[in-house]
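Participant: Input my_file-v1.tsv, format and content: TSV, C-alpha atoms.
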chain	number	residue	atom	x	y	z
A	220	MET	CA	-37.72	-45.97	44.55
A	221	ARG	CA	-35.36	-48.19	42.59
A	222	LEU	CA	-35.30	-48.07	38.79
A	223	LEU	CA	-33.70	-50.27	36.15
A	224	VAL	CA	-32.42	-48.74	32.91
A	225	VAL	CA	-31.78	-51.22	30.08
A	226	GLU	CA	-29.94	-49.24	27.40
A	227	ASP	CA	-26.97	-50.32	25.27
A	228	GLU	CA	-25.73	-46.82	24.41
A	229	LYS	CA	-23.38	-46.09	27.30
A	230	LYS	CA	-23.61	-42.30	27.00
A	231	VAL	CA	-27.40	-42.37	26.98
A	232	ALA	CA	-27.51	-44.83	29.88
A	233	SER	CA	-25.08	-42.69	31.88
A	234	PHE	CA	-27.08	-39.52	31.13
A	235	ILE	CA	-30.35	-41.14	32.25
A	236	ARG	CA	-28.77	-42.65	35.34
A	237	LYS	CA	-27.12	-39.43	36.49
A	238	GLY	CA	-30.28	-37.40	35.96
A	239	LEU	CA	-32.54	-39.85	37.77
A	240	GLU	CA	-30.12	-40.16	40.68
A	241	GLU	CA	-30.22	-36.38	41.02
A	242	GLU	CA	-34.01	-36.76	41.30
A	243	GLY	CA	-33.48	-39.09	44.27
A	244	TYR	CA	-33.94	-42.49	42.62
A	245	ALA	CA	-31.68	-45.50	43.01
A	246	VAL	CA	-30.73	-46.54	39.46
A	247	ASP	CA	-29.31	-49.79	38.09
A	248	VAL	CA	-28.11	-50.08	34.50
A	249	ALA	CA	-27.92	-53.05	32.14
A	250	LEU	CA	-26.22	-52.66	28.77
A	251	ASP	CA	-27.79	-55.62	26.98
A	252	GLY	CA	-31.08	-57.47	26.98
A	253	GLU	CA	-29.92	-60.69	28.65
A	254	VAL	CA	-28.41	-58.89	31.64
A	255	GLY	CA	-31.45	-56.64	31.76
A	256	LEU	CA	-33.80	-59.62	31.91
A	257	GLN	CA	-31.74	-61.24	34.66
A	258	MET	CA	-31.81	-58.04	36.74
A	259	ALA	CA	-35.51	-57.47	36.10
A	260	MET	CA	-36.27	-60.99	37.30
A	261	ASP	CA	-35.04	-60.01	40.77
A	262	ARG	CA	-38.36	-58.12	41.23
A	263	VAL	CA	-36.65	-55.38	43.26
A	264	HIS	CA	-37.30	-52.51	40.85
A	265	ASP	CA	-40.26	-50.17	40.93
A	266	LEU	CA	-39.99	-49.31	37.23
A	267	ILE	CA	-38.01	-50.37	34.16
A	268	ILE	CA	-36.87	-47.98	31.42
A	269	LEU	CA	-36.31	-50.22	28.43
A	270	ASP	CA	-34.75	-49.52	25.04
A	271	ILE	CA	-36.21	-51.63	22.24
A	272	GLN	CA	-33.05	-52.12	20.18
A	273	LEU	CA	-30.67	-54.10	22.40
A	274	PRO	CA	-27.90	-56.64	21.76
A	275	ARG	CA	-28.30	-60.31	22.77
A	276	LEU	CA	-32.01	-59.94	23.54
A	277	SER	CA	-34.31	-57.25	22.14
A	278	GLY	CA	-36.35	-55.03	24.37
A	279	MET	CA	-39.58	-56.51	23.00
A	280	GLU	CA	-38.38	-60.05	23.76
A	281	LEU	CA	-37.35	-58.96	27.24
A	282	LEU	CA	-40.74	-57.36	27.83
A	283	ARG	CA	-42.66	-60.41	26.61
A	284	SER	CA	-40.56	-62.66	28.87
A	285	LEU	CA	-41.35	-60.51	31.91
A	286	ARG	CA	-45.07	-60.48	31.23
A	287	ALA	CA	-45.10	-64.22	30.51
A	288	LYS	CA	-43.63	-64.75	33.97
A	289	ARG	CA	-46.31	-62.46	35.46
A	290	ILE	CA	-43.82	-59.79	36.46
A	291	SER	CA	-45.93	-56.63	36.48
A	292	THR	CA	-43.21	-54.02	37.05
A	293	PRO	CA	-44.14	-50.91	35.00
A	294	VAL	CA	-42.13	-50.57	31.79
A	295	LEU	CA	-41.39	-47.35	29.91
A	296	LEU	CA	-40.19	-48.13	26.39
A	297	LEU	CA	-37.55	-46.01	24.65
A	298	THR	CA	-37.11	-46.19	20.90
A	299	VAL	CA	-36.03	-44.23	17.84
A	300	ARG	CA	-39.03	-45.64	15.98
A	301	ALA	CA	-42.11	-43.48	16.22
A	302	THR	CA	-44.78	-45.11	14.03
A	303	ILE	CA	-48.20	-45.83	15.45
A	304	GLU	CA	-47.75	-49.50	14.59
A	305	ASP	CA	-44.56	-49.72	16.65
A	306	LYS	CA	-46.24	-48.06	19.61
A	307	VAL	CA	-49.22	-50.39	19.39
A	308	LEU	CA	-46.90	-53.42	19.27
A	309	GLY	CA	-45.03	-52.22	22.34
A	310	LEU	CA	-48.15	-51.46	24.34
A	311	ASP	CA	-49.76	-54.75	23.32
A	312	ALA	CA	-46.61	-56.57	24.47
A	313	GLY	CA	-47.13	-55.17	27.97
A	314	ALA	CA	-45.46	-51.76	28.03
A	315	ASP	CA	-47.06	-49.10	30.23
A	316	ASP	CA	-45.78	-46.06	28.35
A	317	TYR	CA	-43.70	-45.10	25.32
A	318	LEU	CA	-41.10	-42.38	24.72
A	319	THR	CA	-39.42	-41.67	21.40
A	320	LYS	CA	-35.74	-40.74	21.08
A	321	PRO	CA	-34.49	-38.06	21.17
A	322	PHE	CA	-36.46	-37.04	24.23
A	323	SER	CA	-36.53	-34.25	26.79
A	324	PHE	CA	-35.20	-35.40	30.15
A	325	ARG	CA	-37.95	-33.39	31.82
A	326	GLU	CA	-40.52	-35.42	29.92
A	327	LEU	CA	-38.78	-38.66	30.88
A	328	VAL	CA	-38.90	-37.72	34.57
A	329	ALA	CA	-42.54	-36.68	34.28
A	330	ARG	CA	-43.47	-40.00	32.71
A	331	VAL	CA	-41.50	-41.91	35.36
A	332	ARG	CA	-43.30	-40.04	38.12
A	333	ALA	CA	-46.68	-40.64	36.49
A	334	LEU	CA	-46.08	-44.39	36.22
A	335	LEU	CA	-44.83	-44.64	39.80
A	336	ARG	CA	-47.75	-42.56	41.04
A	337	ARG	CA	-50.20	-44.76	39.17
A	338	ARG	CA	-48.63	-47.85	40.70
A	339	ALA	CA	-48.74	-46.39	44.19
A	340	GLU	CA	-52.36	-45.31	43.81
A	341	SER	CA	-53.38	-48.80	42.70
A	342	SER	CA	-51.71	-50.45	45.69
A	343	GLN	CA	-51.61	-48.37	48.84
A	344	THR	CA	-51.96	-44.63	49.25
A	345	GLU	CA	-50.36	-44.26	52.67
A	346	LEU	CA	-47.88	-46.13	54.84
A	347	ARG	CA	-48.32	-45.92	58.62
A	348	VAL	CA	-46.23	-47.03	61.59
A	349	ALA	CA	-47.44	-45.73	64.97
A	350	ASP	CA	-48.09	-42.00	64.39
A	351	LEU	CA	-45.66	-41.81	61.46
A	352	THR	CA	-47.30	-41.47	58.03
A	353	LEU	CA	-45.70	-41.54	54.59
A	354	ASP	CA	-47.68	-40.77	51.43
A	355	PRO	CA	-45.79	-42.12	48.39
A	356	VAL	CA	-48.16	-40.39	45.96
A	357	ARG	CA	-47.96	-36.88	47.41
A	358	HIS	CA	-44.38	-37.44	48.59
A	359	THR	CA	-45.14	-36.22	52.13
A	360	VAL	CA	-44.20	-37.40	55.62
A	361	SER	CA	-45.71	-36.47	58.96
A	362	ARG	CA	-45.47	-37.59	62.55
A	363	GLY	CA	-48.66	-36.88	64.41
A	364	SER	CA	-49.83	-33.50	63.17
A	365	GLU	CA	-46.32	-32.26	62.31
A	366	LYS	CA	-45.06	-32.39	58.73
A	367	ILE	CA	-41.48	-33.55	58.26
A	368	GLU	CA	-39.30	-32.34	55.39
A	369	LEU	CA	-36.99	-34.99	53.94
A	370	THR	CA	-34.47	-35.01	51.12
A	371	ALA	CA	-35.13	-37.36	48.21
A	372	LYS	CA	-32.70	-39.97	49.55
A	373	GLU	CA	-34.06	-39.71	53.11
A	374	PHE	CA	-37.57	-40.20	51.74
A	375	ALA	CA	-36.49	-43.28	49.77
A	376	LEU	CA	-34.82	-44.73	52.86
A	377	LEU	CA	-37.87	-44.13	55.07
A	378	ASP	CA	-40.15	-45.56	52.38
A	379	TYR	CA	-38.10	-48.78	52.44
A	380	PHE	CA	-38.22	-48.95	56.24
A	381	MET	CA	-41.97	-48.40	56.31
A	382	ARG	CA	-42.64	-51.09	53.73
A	383	ASN	CA	-40.72	-53.51	55.96
A	384	PRO	CA	-41.80	-52.75	59.56
A	385	ASP	CA	-40.52	-55.05	62.34
A	386	ARG	CA	-38.00	-56.55	59.93
A	387	VAL	CA	-34.24	-56.32	60.33
A	388	LEU	CA	-32.77	-54.60	57.28
A	389	THR	CA	-29.08	-55.21	56.77
A	390	ARG	CA	-26.80	-52.57	55.30
A	391	THR	CA	-26.51	-54.68	52.16
A	392	MET	CA	-30.30	-54.85	51.78
A	393	ILE	CA	-30.60	-51.10	52.27
A	394	ALA	CA	-27.78	-50.43	49.81
A	395	GLU	CA	-29.39	-52.59	47.12
A	396	HIS	CA	-32.88	-51.15	47.51
A	397	VAL	CA	-32.18	-47.47	48.21
A	398	TRP	CA	-28.92	-47.03	46.33
A	399	ASP	CA	-27.94	-49.47	43.55
A	400	TYR	CA	-26.02	-52.62	42.67
A	401	ASP	CA	-22.70	-50.78	42.49
A	402	PHE	CA	-22.99	-49.08	45.88
A	403	ASP	CA	-20.22	-49.90	48.35
A	404	SER	CA	-22.11	-51.08	51.42
A	405	MET	CA	-18.88	-50.98	53.47
A	406	THR	CA	-18.92	-47.17	53.57
A	407	ASN	CA	-20.69	-45.32	56.40
A	408	VAL	CA	-23.10	-43.49	54.09
A	409	ILE	CA	-26.04	-45.67	55.17
A	410	ASP	CA	-25.33	-45.01	58.85
A	411	VAL	CA	-25.10	-41.30	58.14
A	412	TYR	CA	-28.50	-41.24	56.41
A	413	VAL	CA	-30.12	-43.34	59.14
A	414	ASN	CA	-28.86	-40.79	61.66
A	415	TYR	CA	-30.31	-37.99	59.52
A	416	LEU	CA	-33.68	-39.77	59.62
A	417	ARG	CA	-33.46	-40.33	63.37
A	418	ARG	CA	-32.97	-36.63	64.00
A	419	LYS	CA	-36.03	-35.78	61.94
A	420	ILE	CA	-38.29	-38.69	62.90
A	421	ASP	CA	-37.37	-39.59	66.49
A	422	SER	CA	-35.81	-36.49	68.03
A	423	ASP	CA	-37.84	-35.36	71.08
A	424	ARG	CA	-40.59	-37.86	70.20
A	425	GLU	CA	-41.88	-41.10	71.68
A	426	PRO	CA	-41.92	-43.91	70.92
A	427	LYS	CA	-38.58	-44.15	69.15
A	428	LEU	CA	-39.13	-45.89	65.82
A	429	ILE	CA	-35.72	-46.43	64.24
A	430	HIS	CA	-33.65	-49.01	66.14
A	431	THR	CA	-30.12	-50.32	65.64
A	432	VAL	CA	-29.64	-54.08	65.56
A	433	ARG	CA	-26.02	-54.22	66.61
A	434	GLY	CA	-23.72	-55.86	64.09
A	435	VAL	CA	-26.57	-56.47	61.63
A	436	GLY	CA	-28.43	-53.33	60.56
A	437	TYR	CA	-31.58	-51.41	61.44
A	438	MET	CA	-35.27	-51.95	62.15
A	439	LEU	CA	-38.35	-49.76	62.17
A	440	LYS	CA	-40.59	-50.79	65.07
A	441	THR	CA	-42.69	-49.31	67.86
A	442	GLU	CA	-41.23	-51.33	70.76
For the file at hand, write its structure as structure tokens.

Facilitator:
Amino acid sequence: MRLLVVEDEKKVASFIRKGLEEEGYAVDVALDGEVGLQMAMDRVHDLIILDIQLPRLSGMELLRSLRAKRISTPVLLLTVRATIEDKVLGLDAGADDYLTKPFSFRELVARVRALLRRRAESSQTELRVADLTLDPVRHTVSRGSEKIELTAKEFALLDYFMRNPDRVLTRTMIAEHVWDYDFDSMTNVIDVYVNYLRRKIDSDREPKLIHTVRGVGYMLKTE
């Protein structure tokens, strides 16, 4: 899952980013509303954490712009204002949830998970390729009758593969969707994680599902 944090306080943005990355999410950060809107328009994020008070473009203006363009990415609003009126305004503008500063990071993560789970439940409960099954709601993976334990990053990588079966995914595409905008796609980290997945998904099993497209990237397919 890839998240966008739009927060102008650098320390707060860094704190949120570090914590969410430790939870296994890919996290992009924008420090003002205009950059945040531009990044959100890419439609590559599964959820947006949005501060209301931002320079250049307020969080409320950003949110209204997204909804006017029919971008339905879930939005969790962050604000120091806690009145009922403010919450109603935010929710009416298209926010999916609301969290008041200062907040517990545990609560932030719980709300993020709830929003992502709600989105997954409303779209598709399970992903299947051959006898490989991934449940994004329960966060489980199995091949045939055997459950497979994956790390958070391995799960995110497999989730991306399974949402794009029979499609060549370049290292740059994988880096942007599973890691973040600042990830150096020239490192071998992606290859290392693909090999980790291969050992868990394909080792001693047929058919092999993860294939290398030499000089380009990787593909999940049954043939």

Participant: Looking at A:Val263, A:Lys230, A:Glu304, A:Arg330, which one is nearest to A:Met392, with distances taken over all atoms listed in the file?

Facilitator: A:Val263

Participant: When you draw a straight line from atom CA of A:Lys366 to atom CA of A:Lys237, how long is it in Å?

Facilitator: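 Taking atom CA of A:Lys366 as the start and atom CA of A:Lys237 as the end point, the length is 29.4 Å.
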
Participant: Hey, what's within 7 Å of stretch 313-324 of chain A if we count all atoms listed in the file and toss same-chain stuff fewer than 4 positions away? As a ChimeraX atom specification, please?

Facilitator: /A:282,286,293-301,306,309,328

Participant: Check the smallest atom-to-atom distance from each of A:Leu285, A:Ile409, A:Met438, A:Leu346 to A:Asp378 using all atoms listed in the file, then report the winner.

Facilitator: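 Among A:Leu285, A:Ile409, A:Met438, A:Leu346, it is A:Leu346 that comes nearest to A:Asp378.
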
Participant: Rounded to one decimal, what separation in Å do you get between atom CA of A:Val307 and atom CA of A:Met279?

Facilitator: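 That distance, rounded to one decimal, is 12.0 Å.
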
Participant: Rank nothing, just name the residue among A:Ala259, A:Arg337, A:Ala349, A:Gly363 nearest to A:Ser284, using all atoms listed in the file.

Facilitator: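 Closest to A:Ser284 of all the choices is A:Ala259.
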
Participant: Let me make sure I understand: among A:Val225, A:Val435, A:Ala232, A:Leu239, which one has the smallest atom-to-atom distance to A:Gly252 if we use only C-alpha atoms?

Facilitator: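 With only C-alpha atoms as the atom set, the closest residue is A:Val225.
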
Participant: Which one of A:Asn383, A:Thr431, A:Thr370, A:Thr359 sits closest to A:His396 if you count all atoms listed in the file?

Facilitator: A:Asn383

Participant: Counting all atoms listed in the file, which residue out of A:Lys440, A:Arg275, A:Arg325, A:Arg236 sits closest to A:Leu388?

Facilitator: A:Lys440

Participant: A:Val432: which residues within 12 Å, counting only C-alpha atoms, same-chain residues fewer than 2 positions away excluded, as a compact mmCIF listing (two decimals) with C-alpha atoms, in the coordinates of the input?

Facilitator:
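See part_25.txt below for the written result:
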# COMPACT_ATOMS: atom_id res chain seq x y z
CA ASP A 385 -40.52 -55.05 62.34
CA ARG A 386 -38.00 -56.55 59.93
CA VAL A 387 -34.24 -56.32 60.33
CA LEU A 388 -32.77 -54.60 57.28
CA THR A 389 -29.08 -55.21 56.77
CA ARG A 390 -26.80 -52.57 55.30
CA ILE A 429 -35.72 -46.43 64.24
CA HIS A 430 -33.65 -49.01 66.14
CA GLY A 434 -23.72 -55.86 64.09
CA VAL A 435 -26.57 -56.47 61.63
CA GLY A 436 -28.43 -53.33 60.56
CA TYR A 437 -31.58 -51.41 61.44
CA MET A 438 -35.27 -51.95 62.15
CA LEU A 439 -38.35 -49.76 62.17
CA LYS A 440 -40.59 -50.79 65.07
